[in-house]
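Okay, my_file_11.tsv now, which holds TSV, C-alpha atoms:
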chain	number	residue	atom	x	y	z
J	1	MET	CA	-37.84	1.82	33.68
J	2	LYS	CA	-35.77	4.79	34.91
J	3	LYS	CA	-34.03	2.51	37.44
J	4	TYR	CA	-32.88	0.18	34.68
J	5	ILE	CA	-31.51	3.03	32.56
J	6	LEU	CA	-29.66	4.45	35.58
J	7	LEU	CA	-28.23	1.00	36.43
J	8	ILE	CA	-27.06	0.43	32.83
J	9	GLY	CA	-25.50	3.91	32.75
J	10	LEU	CA	-23.62	3.36	36.02
J	11	LEU	CA	-22.35	-0.05	34.89
J	12	GLY	CA	-21.12	1.47	31.64
J	13	PHE	CA	-19.41	4.35	33.46
J	14	PHE	CA	-17.61	2.21	36.00
J	15	GLY	CA	-16.80	-0.45	33.41
J	16	CYS	CA	-14.97	2.12	31.27
J	17	ASN	CA	-12.86	3.43	34.14
J	18	ASP	CA	-11.00	0.18	34.70
J	19	ASN	CA	-7.41	0.83	35.85
J	20	THR	CA	-6.16	-2.20	33.91
J	21	GLN	CA	-6.89	-0.40	30.62
J	22	SER	CA	-3.91	-0.54	28.22
J	23	GLN	CA	-1.73	2.50	27.51
J	24	ALA	CA	-1.90	4.33	24.17
J	25	LEU	CA	0.60	3.27	21.52
J	26	LYS	CA	3.50	5.57	20.72
J	27	ASP	CA	4.28	6.63	17.14
J	28	THR	CA	7.52	4.67	17.30
J	29	ASP	CA	5.63	1.46	18.12
J	30	ILE	CA	3.52	1.37	14.96
J	31	GLY	CA	4.21	1.02	11.25
J	32	ILE	CA	7.37	-0.22	9.57
J	33	ARG	CA	9.42	2.97	10.01
J	34	LYS	CA	9.56	2.93	13.84
J	35	VAL	CA	10.18	6.71	14.02
J	36	ASP	CA	8.25	9.64	15.42
J	37	LEU	CA	5.55	10.43	12.86
J	38	GLN	CA	5.81	14.16	13.62
J	39	ASP	CA	9.54	14.30	12.87
J	40	GLU	CA	10.75	12.99	9.51
J	41	LYS	CA	14.48	13.54	10.19
J	42	ASP	CA	14.97	9.93	11.25
J	43	VAL	CA	13.36	8.42	8.14
J	44	LYS	CA	15.84	6.47	6.04
J	45	LEU	CA	14.78	6.04	2.41
J	46	LEU	CA	15.83	2.94	0.50
J	47	GLU	CA	18.13	3.36	-2.46
J	48	TYR	CA	16.30	3.21	-5.79
J	49	THR	CA	16.75	3.98	-9.47
J	50	TYR	CA	14.36	4.33	-12.36
J	51	SER	CA	14.76	2.63	-15.69
J	52	ASP	CA	17.04	4.53	-18.05
J	53	ALA	CA	15.66	2.67	-21.08
J	54	ILE	CA	14.37	5.06	-23.69
J	55	ALA	CA	10.80	4.81	-24.98
J	56	GLY	CA	10.54	2.03	-27.54
J	57	GLU	CA	13.45	0.04	-26.11
J	58	SER	CA	11.97	-0.94	-22.75
J	59	THR	CA	10.35	-4.17	-21.59
J	60	ARG	CA	6.64	-4.03	-20.84
J	61	ILE	CA	5.69	-4.60	-17.19
J	62	GLU	CA	2.74	-6.92	-16.53
J	63	ARG	CA	-0.25	-5.20	-14.95
J	64	SER	CA	-0.69	-5.55	-11.21
J	65	PHE	CA	-4.32	-6.65	-11.59
J	66	GLU	CA	-7.01	-6.63	-14.27
J	67	ASN	CA	-7.57	-3.11	-15.65
J	68	ALA	CA	-4.83	-1.68	-13.44
J	69	PRO	CA	-3.07	1.29	-15.01
J	70	PRO	CA	0.12	-0.10	-16.57
J	71	MET	CA	3.47	1.03	-15.23
J	72	ILE	CA	5.71	3.20	-17.41
J	73	PRO	CA	8.64	0.94	-18.35
J	74	HIS	CA	10.82	3.67	-19.87
J	75	SER	CA	12.49	6.85	-18.71
J	76	THR	CA	10.25	9.91	-18.36
J	77	GLU	CA	13.13	12.35	-18.17
J	78	ASP	CA	12.40	15.50	-20.21
J	79	MET	CA	8.71	14.47	-20.55
J	80	LEU	CA	7.48	16.07	-17.37
J	81	PRO	CA	5.51	18.03	-16.37
J	82	ILE	CA	2.54	16.90	-18.44
J	83	THR	CA	-0.01	19.60	-19.24
J	84	GLN	CA	-3.05	19.73	-21.50
J	85	ASP	CA	-1.00	21.69	-24.02
J	86	ASN	CA	2.18	19.62	-23.69
J	87	ASN	CA	1.61	15.88	-23.36
J	88	GLN	CA	4.60	14.06	-24.84
J	89	CYS	CA	3.04	10.68	-24.04
J	90	LEU	CA	0.59	11.20	-26.89
J	91	ALA	CA	3.47	11.57	-29.36
J	92	CYS	CA	3.71	7.77	-29.25
J	93	HIS	CA	0.57	6.51	-27.50
J	94	ASP	CA	-2.07	8.38	-29.53
J	95	PRO	CA	-4.25	5.64	-31.10
J	96	ALA	CA	-3.80	7.15	-34.59
J	97	ILE	CA	-0.02	6.57	-34.58
J	98	ALA	CA	0.75	4.07	-31.82
J	99	ALA	CA	0.62	0.97	-34.04
J	100	ASP	CA	3.05	2.49	-36.56
J	101	LEU	CA	5.52	3.21	-33.74
J	102	GLY	CA	5.06	-0.14	-31.97
J	103	ALA	CA	3.64	1.62	-28.91
J	104	ILE	CA	0.60	0.70	-26.85
J	105	PRO	CA	-2.30	3.01	-27.78
J	106	ILE	CA	-4.23	4.69	-24.99
J	107	PRO	CA	-7.45	2.76	-24.38
J	108	ALA	CA	-10.92	3.96	-25.37
J	109	SER	CA	-11.66	4.83	-21.73
J	110	HIS	CA	-9.20	7.75	-21.99
J	111	THR	CA	-11.15	9.39	-24.82
J	112	TYR	CA	-14.56	8.82	-23.28
J	113	ASP	CA	-16.48	11.21	-21.01
J	114	LEU	CA	-18.01	9.01	-18.31
J	115	ARG	CA	-20.18	11.83	-16.97
J	116	ALA	CA	-21.73	12.73	-20.32
J	117	ASN	CA	-21.59	9.09	-21.51
J	118	LYS	CA	-20.08	9.94	-24.91
J	119	GLU	CA	-16.97	9.47	-27.03
J	120	LEU	CA	-14.90	12.66	-27.22
J	121	GLY	CA	-12.50	11.99	-30.09
J	122	GLU	CA	-9.64	13.36	-27.93
J	123	VAL	CA	-8.17	12.69	-24.50
J	124	ALA	CA	-10.73	13.54	-21.83
J	125	HIS	CA	-9.85	16.61	-19.75
J	126	ALA	CA	-9.90	14.44	-16.63
J	127	ARG	CA	-7.26	12.11	-18.11
J	128	PHE	CA	-4.63	14.30	-19.76
J	129	ASN	CA	-2.12	13.99	-16.87
J	130	CYS	CA	-0.90	10.45	-17.47
J	131	VAL	CA	1.36	10.23	-14.40
J	132	LEU	CA	-1.55	10.56	-12.00
J	133	CYS	CA	-2.25	6.88	-12.66
J	134	HIS	CA	0.72	5.63	-14.67
J	135	THR	CA	4.03	5.78	-12.86
J	136	PRO	CA	7.58	4.77	-13.73
J	137	GLN	CA	8.67	1.54	-12.08
J	138	ALA	CA	11.57	1.97	-9.69
J	139	ASN	CA	14.25	-0.68	-9.27
J	140	ILE	CA	14.04	-1.29	-5.53
J	141	THR	CA	13.92	-4.12	-3.03
J	142	PRO	CA	10.70	-3.66	-1.03
J	143	SER	CA	10.83	-3.60	2.76
J	144	ILE	CA	7.86	-5.96	2.91
J	145	ALA	CA	7.37	-8.79	0.41
J	146	ASN	CA	4.29	-8.61	-1.77
J	147	THR	CA	2.39	-11.90	-1.69
J	148	PHE	CA	-0.51	-10.71	-3.86
J	149	THR	CA	-1.15	-12.86	-6.93
J	150	PRO	CA	-3.45	-11.31	-9.52
J	151	THR	CA	-6.14	-13.26	-11.32
J	152	PHE	CA	-6.93	-12.31	-14.90
J	153	ARG	CA	-10.10	-13.45	-16.67
J	154	THR	CA	-8.36	-13.59	-20.04
J	155	GLN	CA	-4.79	-13.64	-21.30
J	156	GLU	CA	-5.38	-10.26	-23.01
J	157	ALA	CA	-6.32	-8.66	-19.66
J	158	LYS	CA	-2.68	-8.97	-18.58
J	159	SER	CA	-1.63	-6.34	-21.10
J	160	GLN	CA	-4.67	-4.34	-22.18
J	161	SER	CA	-7.70	-2.65	-20.69
J	162	ASN	CA	-11.36	-3.44	-21.23
J	163	LEU	CA	-12.51	-0.98	-18.57
J	164	LEU	CA	-15.34	0.57	-20.62
J	165	GLU	CA	-16.78	-2.89	-21.29
J	166	VAL	CA	-16.81	-3.96	-17.63
J	167	LEU	CA	-17.18	-0.62	-15.85
J	168	ASN	CA	-20.79	-1.18	-14.82
J	169	GLU	CA	-20.45	-4.90	-14.17
J	170	GLY	CA	-22.54	-5.83	-11.16
J	171	VAL	CA	-24.24	-2.40	-11.02
J	172	LYS	CA	-28.03	-2.49	-11.14
Will you turn the file into structure tokens for me?
Amino acid sequence: MKKYILLIGLLGFFGCNDNTQSQALKDTDIGIRKVDLQDEKDVKLLEYTYSDAIAGESTRIERSFENAPPMIPHSTEDMLPITQDNNQCLACHDPAIAADLGAIPIPASHTYDLRANKELGEVAHARFNCVLCHTPQANITPSIANTFTPTFRTQEAKSQSNLLEVLNEGVK
């Protein structure tokens, strides 16, 4: 038995020390930037702009996939930073007033504590900073084309969330 283990060990050792082994890739050979990953001076950013449409006058952006956080279609200038004490998003998107303003109300998942499994009646402390998930859409031509095509189970899923209803789908 010891002879077999020794033989397997020697074969593995000599097999790994093959001189035809390929060389390691350089930083400049990988990725789409083709620059040294330790030195950002050679990185060239693409030109981009954000929408300058004011809230209420922008065009809604279709969700990327079912229950994806929607993009912010309007300017966020003078709305940032968002804090628990100063969240200007709620001035329009609070469910109590959103319909009157023609805004999309925050979904029930934002006022629900998933850990305690209860409705809070206010924005959950884990969800007050809207721009952690919701980001303004930049006007830019991507370096790599996106070929992803989302599939939505219902027409409503393209524009609204049902996350609380499907959160535990498939979980036993």
| said: Let me make sure I understand: among J:Asp85, J:Glu62, J:Asp100, J:Glu169, which one has the smallest atom-to-atom distance to Phe152 of chain J if we use only C-alpha atoms? | reply: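 With only C-alpha atoms as the atom set, the closest residue is J:Glu62.
Atom CA of Glu77 of chain J is found 14.1 Å from atom CA of Ser58 of chain J.
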| request: Rank nothing, just name the residue among J:Leu114, J:Thr83, J:Lys44, J:Gly121 nearest to Ala96 of chain J, using all atoms listed in the file. | output: J:Gly121
| request: Grab the atom CA of Arg127 of chain J to atom CA of Leu101 of chain J distance for me, in Å with one decimal place. | output: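 Computing the Euclidean distance for atom CA of Arg127 of chain J and atom CA of Leu101 of chain J yields 22.1 Å.
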| said: One number please: atom CA of Glu165 of chain J to atom CA of Phe148 of chain J, in Å, one decimal. | reply: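 One can read the atom CA of Glu165 of chain J to atom CA of Phe148 of chain J distance as 25.1 Å.
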| query | Got a sec: who's within 10 Å of Leu37 of chain J, counting all atoms listed in the file, leaving out chain neighbours fewer than 4 positions off, as a PyMOL selection string? | reply | chain J and resi 26-28+30-31+33+41-43
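Of the listed residues (J:Thr147, J:Gln137, J:Asn67, J:Asn87), J:Asn87 comes nearest to Val123 of chain J; the distances count all atoms listed in the file.
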| message | Restricting the calculation to only C-alpha atoms: of J:Ile104, J:Ile97, J:Ile72, J:Leu46, which residue gets closest to Thr135 of chain J? | response |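 The answer is J:Ile72, which sits nearest to Thr135 of chain J.
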| Given the choices J:Lys34, J:Arg63, J:His74, J:His125, which gets closest to Ser51 of chain J if the distance is worked out from all atoms listed in the file? | J:His74
| field | Surrounding residues of Pro70 of chain J excluding itself and chain neighbours under 4 positions, 9 Å, only C-alpha atoms, as a PyMOL selection string | value | chain J and resi 60-64+133-135+159-160
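Counting only C-alpha atoms and comparing J:Asn129, J:Ser109, J:Gln23, J:Thr49, the residue that lies closest to Asn162 of chain J is J:Ser109.
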| message | At a cut-off of 10 Å, using all atoms listed in the file, what residues contact Tyr50 of chain J? Leave out same-chain residues fewer than 3 positions from it and give the result as a ChimeraX atom specification. | response | /J:53,73-77,136-140
Enclose segment 69-87 of chain J, meaning all of its atoms listed in the file, in a box aligned along x, y and z, pad it by 6 Å on each side, and list the centre and edge lengths in Å to one decimal, as lines of an AutoDock Vina configuration file.
center_x = 5.0
center_y = 10.8
center_z = -19.5
size_x = 28.2
size_y = 33.8
size_z = 21.0
| said: Set the distance at 10 Å and use all atoms listed in the file: which residues neighbour Thr151 of chain J once local chain neighbours fewer than 3 positions away are removed? I'd like the list as a VMD selection string. | reply: chain J and resid 64 to 66 148 154 157 to 158
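For Glu119 of chain J, the non-local neighbours within 12 Å, defined as residues at least 3 positions apart in the same chain or in other chains and counting all atoms listed in the file, are J:Pro107, J:Ala108, J:Ser109, J:His110, J:Thr111, J:Tyr112, J:Asp113, J:Leu114, J:Arg115, J:Ala116, J:Glu122, J:Val123, J:Ala124, J:Leu164.
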Pull out segment 102-113 of chain J, keep all heavy atoms, and write it as a tab-separated table (two decimals), in the first residue's frame.
chain	number	residue	atom	x	y	z
J	102	GLY	N	-48.43	61.90	-8.50
J	102	GLY	CA	-48.16	61.16	-9.73
J	102	GLY	C	-46.83	60.43	-9.67
J	102	GLY	O	-46.25	60.09	-10.70
J	103	ALA	N	-46.32	60.19	-8.47
J	103	ALA	CA	-45.05	59.49	-8.29
J	103	ALA	C	-45.31	58.02	-7.97
J	103	ALA	O	-46.41	57.64	-7.58
J	103	ALA	CB	-44.27	60.13	-7.14
J	104	ILE	N	-44.27	57.22	-8.13
J	104	ILE	CA	-44.36	55.81	-7.80
J	104	ILE	C	-44.12	55.67	-6.29
J	104	ILE	O	-43.09	56.11	-5.79
J	104	ILE	CB	-43.28	54.99	-8.55
J	104	ILE	CG1	-43.38	55.23	-10.06
J	104	ILE	CG2	-43.36	53.51	-8.20
J	104	ILE	CD1	-44.68	54.78	-10.68
J	105	PRO	N	-45.05	55.07	-5.55
J	105	PRO	CA	-44.83	54.91	-4.11
J	105	PRO	C	-43.79	53.82	-3.83
J	105	PRO	O	-43.66	52.87	-4.61
J	105	PRO	CB	-46.21	54.49	-3.58
J	105	PRO	CG	-46.90	53.88	-4.74
J	105	PRO	CD	-46.36	54.57	-5.97
J	106	ILE	N	-43.05	53.97	-2.75
J	106	ILE	CA	-42.12	52.91	-2.38
J	106	ILE	C	-42.92	51.66	-2.10
J	106	ILE	O	-44.05	51.73	-1.61
J	106	ILE	CB	-41.24	53.30	-1.16
J	106	ILE	CG1	-42.08	53.60	0.06
J	106	ILE	CG2	-40.32	54.47	-1.50
J	106	ILE	CD1	-41.28	53.79	1.33
J	107	PRO	N	-42.40	50.49	-2.43
J	107	PRO	CA	-43.16	49.25	-2.24
J	107	PRO	C	-43.21	48.85	-0.76
J	107	PRO	O	-42.44	49.33	0.07
J	107	PRO	CB	-42.39	48.22	-3.06
J	107	PRO	CG	-41.00	48.74	-3.11
J	107	PRO	CD	-41.12	50.24	-3.10
J	108	ALA	N	-44.12	47.93	-0.46
J	108	ALA	CA	-44.30	47.45	0.91
J	108	ALA	C	-43.02	46.85	1.48
J	108	ALA	O	-42.79	46.91	2.69
J	108	ALA	CB	-45.43	46.42	0.95
J	109	SER	N	-42.16	46.31	0.63
J	109	SER	CA	-40.92	45.70	1.12
J	109	SER	C	-40.01	46.71	1.82
J	109	SER	O	-39.18	46.34	2.63
J	109	SER	CB	-40.16	45.03	-0.03
J	109	SER	OG	-39.81	45.97	-1.01
J	110	HIS	N	-40.17	47.99	1.51
J	110	HIS	CA	-39.32	49.03	2.10
J	110	HIS	C	-39.78	49.42	3.51
J	110	HIS	O	-39.02	50.05	4.25
J	110	HIS	CB	-39.28	50.26	1.20
J	110	HIS	CG	-38.49	50.07	-0.05
J	110	HIS	ND1	-38.58	48.94	-0.83
J	110	HIS	CD2	-37.57	50.85	-0.64
J	110	HIS	CE1	-37.77	49.06	-1.86
J	110	HIS	NE2	-37.14	50.21	-1.78
J	111	THR	N	-40.99	49.07	3.85
J	111	THR	CA	-41.51	49.40	5.19
J	111	THR	C	-41.75	48.13	6.01
J	111	THR	O	-42.56	48.12	6.93
J	111	THR	CB	-42.83	50.20	5.09
J	111	THR	OG1	-43.79	49.43	4.37
J	111	THR	CG2	-42.60	51.53	4.39
J	112	TYR	N	-41.04	47.09	5.64
J	112	TYR	CA	-41.21	45.79	6.29
J	112	TYR	C	-39.86	45.35	6.85
J	112	TYR	O	-38.83	45.46	6.18
J	112	TYR	CB	-41.71	44.77	5.26
J	112	TYR	CG	-42.23	43.50	5.85
J	112	TYR	CD1	-43.54	43.42	6.29
J	112	TYR	CD2	-41.42	42.38	5.96
J	112	TYR	CE1	-44.03	42.24	6.84
J	112	TYR	CE2	-41.90	41.20	6.51
J	112	TYR	CZ	-43.21	41.14	6.94
J	112	TYR	OH	-43.70	39.98	7.48
J	113	ASP	N	-39.86	44.86	8.08
J	113	ASP	CA	-38.64	44.34	8.70
J	113	ASP	C	-38.58	42.84	8.43
J	113	ASP	O	-39.35	42.06	9.01
J	113	ASP	CB	-38.65	44.63	10.20
J	113	ASP	CG	-37.34	44.24	10.88
J	113	ASP	OD1	-36.60	43.39	10.34
J	113	ASP	OD2	-37.08	44.77	11.97
